[in-house]
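Asker: Okay, so here is upload.txt, and as you'll see once you scroll down, it has compact mmCIF, C-alpha atoms.
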```txt
# COMPACT_ATOMS: atom_id res chain seq x y z
CA MET A 1 89.17 -34.54 81.01
CA MET A 2 90.96 -37.65 82.24
CA GLU A 3 89.64 -39.69 79.27
CA LYS A 4 90.81 -37.00 76.84
CA ASP A 5 94.26 -37.01 78.47
CA LEU A 6 94.43 -40.79 78.18
CA ASN A 7 93.50 -40.64 74.50
CA GLU A 8 96.06 -37.93 73.82
CA ASN A 9 98.68 -40.06 75.57
CA LYS A 10 97.62 -43.01 73.40
CA TYR A 11 98.49 -41.14 70.22
CA GLU A 12 101.71 -39.68 71.63
CA SER A 13 102.81 -43.13 72.80
CA THR A 14 102.05 -44.54 69.35
CA LEU A 15 104.22 -41.87 67.71
CA ALA A 16 106.99 -42.54 70.24
CA LYS A 17 107.48 -46.02 68.72
CA TYR A 18 108.62 -44.47 65.43
CA LYS A 19 111.41 -42.21 64.27
CA THR A 20 109.59 -38.91 63.69
CA ASN A 21 112.33 -36.37 64.39
CA LEU A 22 113.50 -35.92 60.81
CA LYS A 23 115.67 -33.29 59.15
CA ASP A 24 114.34 -32.02 55.83
CA GLU A 25 117.82 -31.60 54.37
CA ASP A 26 118.67 -35.25 55.15
CA ILE A 27 115.56 -36.43 53.27
CA GLN A 28 116.38 -34.17 50.32
CA ALA A 29 119.89 -35.61 50.09
CA LYS A 30 118.67 -39.22 50.26
CA VAL A 31 116.04 -38.59 47.59
CA ALA A 32 118.51 -36.85 45.25
CA GLU A 33 120.93 -39.78 45.55
CA LEU A 34 118.17 -42.33 44.99
CA ILE A 35 116.88 -40.57 41.87
CA GLU A 36 120.35 -40.26 40.37
CA LYS A 37 121.39 -43.85 41.03
CA LYS A 38 118.21 -45.89 40.68
CA VAL A 39 115.66 -44.23 38.36
CA PRO A 40 117.48 -44.95 35.04
CA GLU A 41 117.31 -48.74 35.53
CA ASN A 42 113.53 -48.56 35.90
CA ASN A 43 112.98 -46.75 32.60
CA THR A 44 111.61 -49.84 30.86
CA LYS A 45 108.47 -50.78 28.96
CA ALA A 46 107.48 -53.33 31.62
CA VAL A 47 107.65 -50.72 34.39
CA LYS A 48 105.58 -48.27 32.32
CA GLU A 49 102.94 -50.94 31.74
CA LEU A 50 102.76 -51.54 35.48
CA LEU A 51 102.54 -47.81 36.17
CA PHE A 52 99.65 -47.51 33.71
CA ASN A 53 97.86 -50.29 35.59
CA CYS A 54 98.33 -48.31 38.83
CA ILE A 55 96.63 -45.11 37.60
CA ASP A 56 93.54 -43.74 39.31
CA LEU A 57 92.01 -42.08 36.24
CA THR A 58 90.47 -38.97 37.74
CA THR A 59 87.98 -36.28 36.82
CA LEU A 60 87.30 -33.78 39.61
CA ASN A 61 86.15 -30.68 37.75
CA SER A 62 83.43 -28.15 38.46
CA THR A 63 82.27 -28.80 34.90
CA ASP A 64 81.76 -32.56 35.40
CA SER A 65 78.26 -33.75 34.49
CA GLU A 66 76.49 -37.07 34.15
CA THR A 67 77.18 -36.97 30.41
CA SER A 68 80.88 -36.13 30.73
CA VAL A 69 81.45 -38.76 33.43
CA MET A 70 79.64 -41.36 31.32
CA LYS A 71 81.92 -40.57 28.35
CA PHE A 72 84.94 -40.63 30.65
CA THR A 73 83.97 -44.12 31.85
CA GLU A 74 83.23 -45.35 28.32
CA LYS A 75 86.84 -44.61 27.34
CA VAL A 76 87.94 -47.09 30.01
CA ASN A 77 85.53 -49.66 28.56
CA GLU A 78 86.94 -49.05 25.07
CA PHE A 79 90.51 -49.45 26.25
CA ASP A 80 90.11 -53.20 26.75
CA ASP A 81 89.07 -53.63 23.12
CA LYS A 82 91.68 -51.30 21.65
CA TYR A 83 94.63 -52.53 23.76
CA PRO A 84 93.80 -56.13 24.72
CA ASP A 85 97.42 -56.93 25.60
CA LEU A 86 97.64 -54.16 28.23
CA LYS A 87 96.12 -54.09 31.70
CA ASN A 88 93.60 -51.28 32.21
CA VAL A 89 93.81 -48.46 34.75
CA ALA A 90 93.32 -49.33 38.43
CA ALA A 91 90.32 -47.11 39.15
CA ILE A 92 88.08 -44.31 37.99
CA CYS A 93 87.97 -41.51 40.57
CA VAL A 94 85.02 -39.07 40.64
CA TYR A 95 82.97 -36.95 43.00
CA PRO A 96 80.50 -39.04 45.05
CA ASN A 97 77.41 -37.85 43.18
CA PHE A 98 78.77 -39.60 40.07
CA ALA A 99 79.47 -43.00 41.67
CA GLU A 100 76.24 -44.50 40.34
CA ILE A 101 76.90 -43.22 36.80
CA VAL A 102 80.30 -44.90 36.79
CA LYS A 103 78.86 -48.11 38.23
CA ASP A 104 76.10 -48.23 35.61
CA THR A 105 78.48 -47.42 32.72
CA LEU A 106 81.57 -49.43 33.63
CA GLN A 107 81.67 -52.76 31.80
CA VAL A 108 85.23 -54.00 32.36
CA GLU A 109 86.56 -56.04 35.24
CA ASN A 110 89.31 -55.13 37.70
CA VAL A 111 88.68 -51.38 37.53
CA ASN A 112 87.62 -49.91 40.86
CA ILE A 113 85.26 -47.03 41.51
CA ALA A 114 86.86 -44.43 43.75
CA CYS A 115 85.16 -41.35 45.17
CA VAL A 116 86.59 -38.35 46.96
CA ALA A 117 84.37 -37.67 49.95
CA ALA A 118 84.08 -36.26 53.47
CA GLY A 119 84.38 -32.59 52.56
CA PHE A 120 87.07 -33.03 49.91
CA PRO A 121 89.35 -31.16 49.26
CA SER A 122 89.45 -29.07 52.46
CA SER A 123 87.84 -31.54 54.90
CA GLN A 124 86.13 -28.50 56.43
CA THR A 125 82.61 -29.59 57.23
CA PHE A 126 80.64 -31.35 59.97
CA ILE A 127 81.66 -34.92 60.80
CA GLU A 128 78.02 -35.90 60.31
CA VAL A 129 78.20 -34.60 56.73
CA LYS A 130 81.49 -36.41 56.14
CA ILE A 131 80.00 -39.70 57.34
CA ALA A 132 76.81 -39.24 55.30
CA GLU A 133 78.73 -38.43 52.12
CA THR A 134 80.99 -41.45 52.60
CA LEU A 135 78.05 -43.78 53.28
CA MET A 136 76.16 -42.54 50.24
CA ALA A 137 79.16 -42.92 47.94
CA VAL A 138 79.61 -46.54 49.05
CA GLN A 139 75.88 -47.27 48.73
CA LEU A 140 75.94 -45.91 45.17
CA GLY A 141 78.81 -48.10 44.07
CA ALA A 142 82.16 -46.76 45.30
CA ASN A 143 84.55 -49.41 46.55
CA GLU A 144 87.28 -46.91 47.38
CA ILE A 145 86.93 -43.65 49.30
CA ASP A 146 89.54 -40.88 49.32
CA ILE A 147 89.33 -38.49 52.29
CA VAL A 148 91.51 -35.67 53.62
CA ILE A 149 92.71 -35.53 57.22
CA SER A 150 91.62 -32.63 59.39
CA ILE A 151 94.85 -30.76 58.71
CA GLY A 152 94.17 -27.88 61.10
CA GLU A 153 93.51 -30.26 64.00
CA PHE A 154 96.72 -32.15 63.25
CA LEU A 155 98.79 -28.95 63.12
CA ASP A 156 97.22 -27.89 66.44
CA GLY A 157 98.35 -31.18 67.95
CA ASP A 158 94.79 -32.46 68.35
CA TYR A 159 95.62 -35.96 67.17
CA GLN A 160 92.57 -37.39 68.93
CA THR A 161 90.06 -35.47 66.78
CA MET A 162 91.98 -36.22 63.59
CA CYS A 163 92.27 -39.95 64.32
CA GLU A 164 88.73 -40.42 65.61
CA GLU A 165 87.39 -38.86 62.40
CA ILE A 166 89.40 -41.33 60.32
CA GLN A 167 88.10 -44.20 62.48
CA GLU A 168 84.49 -43.09 62.00
CA LEU A 169 84.95 -42.72 58.25
CA LYS A 170 86.66 -46.11 58.05
CA GLU A 171 83.56 -47.58 59.68
CA ALA A 172 81.31 -45.73 57.21
CA CYS A 173 83.34 -47.24 54.34
CA ARG A 174 82.18 -50.75 55.30
CA GLU A 175 83.97 -53.05 52.83
CA ALA A 176 85.37 -50.20 50.70
CA HIS A 177 89.04 -49.27 50.98
CA LEU A 178 89.89 -45.98 52.68
CA LYS A 179 92.59 -43.80 51.13
CA VAL A 180 93.67 -41.03 53.50
CA ILE A 181 95.12 -37.85 51.99
CA LEU A 182 97.67 -35.99 54.11
CA GLU A 183 97.95 -32.85 51.92
CA THR A 184 101.69 -32.91 52.47
CA GLY A 185 102.18 -29.41 51.05
CA ALA A 186 100.25 -28.02 54.01
CA LEU A 187 102.19 -30.12 56.52
CA LYS A 188 105.46 -28.58 55.28
CA THR A 189 108.03 -30.61 57.26
CA ALA A 190 109.23 -34.19 56.98
CA SER A 191 108.53 -34.72 60.69
CA ASN A 192 104.91 -33.62 60.28
CA ILE A 193 104.48 -35.86 57.22
CA LYS A 194 105.90 -38.83 59.15
CA LYS A 195 103.62 -38.23 62.13
CA ALA A 196 100.51 -37.76 59.99
CA SER A 197 101.36 -40.95 58.07
CA ILE A 198 101.68 -43.03 61.22
CA LEU A 199 98.55 -41.63 62.85
CA SER A 200 96.51 -42.16 59.67
CA MET A 201 97.60 -45.80 59.42
CA TYR A 202 97.00 -46.33 63.13
CA ALA A 203 93.48 -44.89 62.73
CA GLY A 204 92.54 -47.26 59.90
CA ALA A 205 93.83 -46.04 56.53
CA ASP A 206 94.21 -48.73 53.86
CA PHE A 207 96.25 -46.30 51.75
CA ILE A 208 98.00 -43.06 52.53
CA LYS A 209 98.04 -40.47 49.76
CA THR A 210 100.14 -37.33 49.37
CA SER A 211 97.76 -34.69 48.09
CA THR A 212 94.40 -33.60 46.73
CA GLY A 213 95.98 -32.00 43.69
CA LYS A 214 94.02 -28.88 44.61
CA MET A 215 96.84 -27.04 46.39
CA GLN A 216 100.56 -26.52 45.82
CA PRO A 217 102.97 -28.06 46.42
CA ALA A 218 101.25 -31.37 45.73
CA ALA A 219 103.17 -34.66 45.58
CA THR A 220 106.93 -34.40 45.98
CA PRO A 221 109.57 -37.14 45.99
CA GLU A 222 110.62 -36.03 49.47
CA ALA A 223 107.08 -36.46 50.86
CA ALA A 224 106.82 -39.83 49.12
CA TYR A 225 110.10 -40.96 50.66
CA VAL A 226 108.96 -40.09 54.18
CA MET A 227 105.56 -41.72 53.69
CA CYS A 228 107.10 -44.91 52.34
CA GLU A 229 109.52 -44.98 55.27
CA ALA A 230 106.51 -44.70 57.57
CA ILE A 231 104.69 -47.52 55.75
CA LYS A 232 107.79 -49.74 56.07
CA GLU A 233 108.19 -49.04 59.79
CA TYR A 234 104.47 -49.57 60.37
CA TYR A 235 104.61 -52.89 58.52
CA ASP A 236 107.67 -53.99 60.53
CA GLN A 237 105.82 -53.26 63.78
CA THR A 238 102.33 -54.50 62.91
CA GLY A 239 102.61 -56.85 59.92
CA ILE A 240 99.96 -54.75 58.14
CA LYS A 241 100.64 -53.62 54.57
CA ILE A 242 99.38 -50.11 53.81
CA GLY A 243 99.22 -48.79 50.26
CA PHE A 244 100.83 -45.61 48.94
CA LYS A 245 99.46 -43.11 46.43
CA PRO A 246 101.24 -39.99 45.19
CA ALA A 247 98.82 -37.52 43.57
CA GLY A 248 99.00 -34.04 42.12
CA GLY A 249 101.88 -32.59 40.13
CA ILE A 250 102.85 -35.86 38.43
CA ASN A 251 103.42 -34.31 35.03
CA THR A 252 105.97 -36.47 33.23
CA VAL A 253 106.83 -40.14 32.80
CA HIS A 254 110.06 -39.38 34.67
CA ASP A 255 107.99 -38.18 37.64
CA ALA A 256 106.08 -41.47 37.65
CA LEU A 257 109.34 -43.42 37.45
CA VAL A 258 110.67 -41.51 40.45
CA TYR A 259 107.69 -42.58 42.59
CA TYR A 260 107.97 -46.17 41.33
CA THR A 261 111.66 -46.16 42.30
CA ILE A 262 110.98 -44.83 45.80
CA VAL A 263 108.37 -47.53 46.40
CA LYS A 264 110.64 -50.24 44.99
CA GLU A 265 113.68 -49.22 47.02
CA LEU A 266 111.93 -48.55 50.34
CA LEU A 267 109.08 -51.07 50.31
CA GLY A 268 110.20 -53.70 47.83
CA GLU A 269 108.65 -55.73 45.03
CA GLU A 270 105.65 -56.73 47.18
CA TRP A 271 104.29 -53.18 46.88
CA LEU A 272 104.70 -52.95 43.11
CA ASN A 273 101.10 -53.72 42.14
CA ASN A 274 97.87 -51.74 42.09
CA GLU A 275 96.66 -53.31 45.33
CA LEU A 276 99.32 -51.32 47.19
CA PHE A 277 100.52 -48.62 44.79
CA ARG A 278 98.50 -46.03 42.87
CA LEU A 279 99.21 -42.90 40.88
CA GLY A 280 96.73 -40.05 41.14
CA THR A 281 97.13 -38.55 37.67
CA SER A 282 95.04 -38.59 34.54
CA ARG A 283 97.50 -36.81 32.24
CA MET A 284 99.91 -39.69 32.81
CA ALA A 285 97.61 -42.18 31.05
CA ASN A 286 98.27 -40.85 27.53
CA LEU A 287 101.94 -40.14 28.27
CA LEU A 288 102.63 -43.67 29.50
CA LEU A 289 100.53 -45.20 26.73
CA SER A 290 102.52 -43.25 24.13
CA GLU A 291 105.83 -44.55 25.47
CA ILE A 292 104.52 -48.13 25.74
CA VAL A 293 103.16 -48.14 22.19
CA GLY A 294 106.03 -46.11 20.71
CA GLU A 295 104.01 -43.28 19.17
CA GLU A 296 102.00 -40.32 20.43
CA ILE A 297 98.62 -41.52 21.71
CA LYS A 298 95.73 -39.30 22.80
CA PHE A 299 93.26 -41.99 23.81
CA PHE A 300 91.95 -40.59 27.11
```
Take the structure in this file and express it as structure tokens.
Answerer:
Amino acid sequence: MMEKDLNENKYESTLAKYKTNLKDEDIQAKVAELIEKKVPENNTKAVKELLFNCIDLTTLNSTDSETSVMKFTEKVNEFDDKYPDLKNVAAICVYPNFAEIVKDTLQVENVNIACVAAGFPSSQTFIEVKIAETLMAVQLGANEIDIVISIGEFLDGDYQTMCEEIQELKEACREAHLKVILETGALKTASNIKKASILSMYAGADFIKTSTGKMQPAATPEAAYVMCEAIKEYYDQTGIKIGFKPAGGINTVHDALVYYTIVKELLGEEWLNNELFRLGTSRMANLLLSEIVGEEIKFF
């Protein structure tokens, strides 16, 4: 019991170093002002090209098959030939059983293989299963793993269980990057989002990500603002740069520009690359490509 108390105190004392008592209405006001004042200046071709290069091109459907995932990957291969002057997407994101198909099919450089794992999207399974799924995905070719925090444990205040799971999964990732999904729609408040962000980074996340895209609300500018604030504070205290990925509900180019603007204003130019910024949206690929090229494109 004493060890458990010490561990619980460890997480509480970590949170105490950060500003976590936030008012939702304050965040909403800051975000509204930021969008009004700063988004228009970022509506440029260069920014859209960068955003395209930050996309995690994703297929997470019940109908996915080896054939469909192979075709999906081949479109990424073809992109380099068709648009040689543009940088490709950042990653292809699939279920872990398709990691090997993507690895065997992918022929272009600088495109990562990401897999959702560890009981995605609910994170409701045995830790042993989560670890095994993560290990297998990495062994089959994934160099990025997207997991979901144990949301119920976090909401119950059991930060120890939540963080120790992330630590174990980080270890299972080996050299692969770990992207930790908070499912901000389930966390509801800015204070909860801030706490979950800090604990996830403390436990070993290389990226923190808003949502699975499987529940509503998914990504919101307000959640992104709080998460980027957390990343900035964490960097100021530790010197460690953590990436940010909004995902789910990014439906328009304007939406993408909003997230770009939040990252730019809160984290700065250093974060404006696909090593530290990703967009979890496949529909955005054709939309951005259309605006970059200047005509409607349905390539992906």
Asker: Could you please determine the separation between CA of Leu279 in chain A and CA of Ala176 in chain A in Å, to one decimal place?
Answerer: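 Going from CA of Leu279 in chain A over to CA of Ala176 in chain A, I get 18.5 Å.
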Asker: Restricting the calculation to all atoms listed in the file: of A:Glu295, A:Glu168, A:Glu144, A:Asp158, which residue gets closest to Asn9 in chain A?
Answerer: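 Nearest candidate to Asn9 in chain A out of A:Glu295, A:Glu168, A:Glu144, A:Asp158: A:Asp158.
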Asker: How far is it from CA of Ala29 in chain A to CA of Ile193 in chain A, in Å with one decimal?
Answerer: 17.0 Å
Asker: Residues of range 198-292 of chain A that have any atom at most 12 Å from an atom of range 177-190 of chain A: could you tabulate them with the shortest-distance atom pair and the distance in Å to one decimal, using only C-alpha atoms, ordered by chain and increasing number, as a Markdown table?
Answerer:
```
| residue | atom | partner | partner_atom | distance |
| --- | --- | --- | --- | --- |
| A:Ile198 | CA | A:Leu182 | CA | 10.8 |
| A:Leu199 | CA | A:Leu182 | CA | 10.4 |
| A:Ser200 | CA | A:Val180 | CA | 6.9 |
| A:Met201 | CA | A:Val180 | CA | 8.6 |
| A:Tyr202 | CA | A:Val180 | CA | 11.5 |
| A:Ala203 | CA | A:Val180 | CA | 10.0 |
| A:Gly204 | CA | A:Leu178 | CA | 7.8 |
| A:Ala205 | CA | A:Leu178 | CA | 5.5 |
| A:Asp206 | CA | A:Leu178 | CA | 5.3 |
| A:Phe207 | CA | A:Lys179 | CA | 4.5 |
| A:Ile208 | CA | A:Val180 | CA | 4.9 |
| A:Lys209 | CA | A:Ile181 | CA | 4.5 |
| A:Thr210 | CA | A:Leu182 | CA | 5.5 |
| A:Ser211 | CA | A:Glu183 | CA | 4.3 |
| A:Thr212 | CA | A:Glu183 | CA | 6.3 |
| A:Gly213 | CA | A:Glu183 | CA | 8.5 |
| A:Lys214 | CA | A:Glu183 | CA | 9.2 |
| A:Met215 | CA | A:Gly185 | CA | 7.5 |
| A:Gln216 | CA | A:Gly185 | CA | 6.2 |
| A:Pro217 | CA | A:Gly185 | CA | 4.9 |
| A:Ala218 | CA | A:Gly185 | CA | 5.7 |
| A:Ala219 | CA | A:Thr184 | CA | 7.3 |
| A:Thr220 | CA | A:Thr184 | CA | 8.5 |
| A:Pro221 | CA | A:Thr184 | CA | 11.0 |
| A:Glu222 | CA | A:Ala190 | CA | 7.9 |
| A:Ala223 | CA | A:Thr184 | CA | 6.7 |
| A:Ala224 | CA | A:Thr184 | CA | 9.2 |
| A:Tyr225 | CA | A:Ala190 | CA | 9.3 |
| A:Val226 | CA | A:Ala190 | CA | 6.5 |
| A:Met227 | CA | A:Ala190 | CA | 9.0 |
| A:Cys228 | CA | A:Ala190 | CA | 11.9 |
| A:Glu229 | CA | A:Ala190 | CA | 10.9 |
| A:Ala230 | CA | A:Ala190 | CA | 10.9 |
| A:Ile242 | CA | A:Lys179 | CA | 9.6 |
| A:Gly243 | CA | A:Lys179 | CA | 8.3 |
| A:Phe244 | CA | A:Lys179 | CA | 8.7 |
| A:Lys245 | CA | A:Lys179 | CA | 8.4 |
| A:Pro246 | CA | A:Ile181 | CA | 9.4 |
| A:Ala247 | CA | A:Ile181 | CA | 9.2 |
| A:Gly248 | CA | A:Glu183 | CA | 9.9 |
| A:Gly249 | CA | A:Gly185 | CA | 11.4 |
| A:Glu275 | CA | A:His177 | CA | 10.3 |
| A:Leu276 | CA | A:Lys179 | CA | 10.8 |
| A:Phe277 | CA | A:Lys179 | CA | 11.2 |
| A:Arg278 | CA | A:Lys179 | CA | 10.4 |
| A:Gly280 | CA | A:Ile181 | CA | 11.2 |
```
Asker: Return the single residue from A:Cys173, A:Lys195, A:Leu257, A:Leu140 that is closest to Phe154 in chain A, with distances computed using all atoms listed in the file.
Answerer: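 Under the stated criterion, the closest residue is A:Lys195.
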Asker: Pick out the closest residue to Ser197 in chain A from this set: A:Pro121, A:Phe52, A:Ala16, A:Ile149. Count all atoms listed in the file.
Answerer: A:Ile149
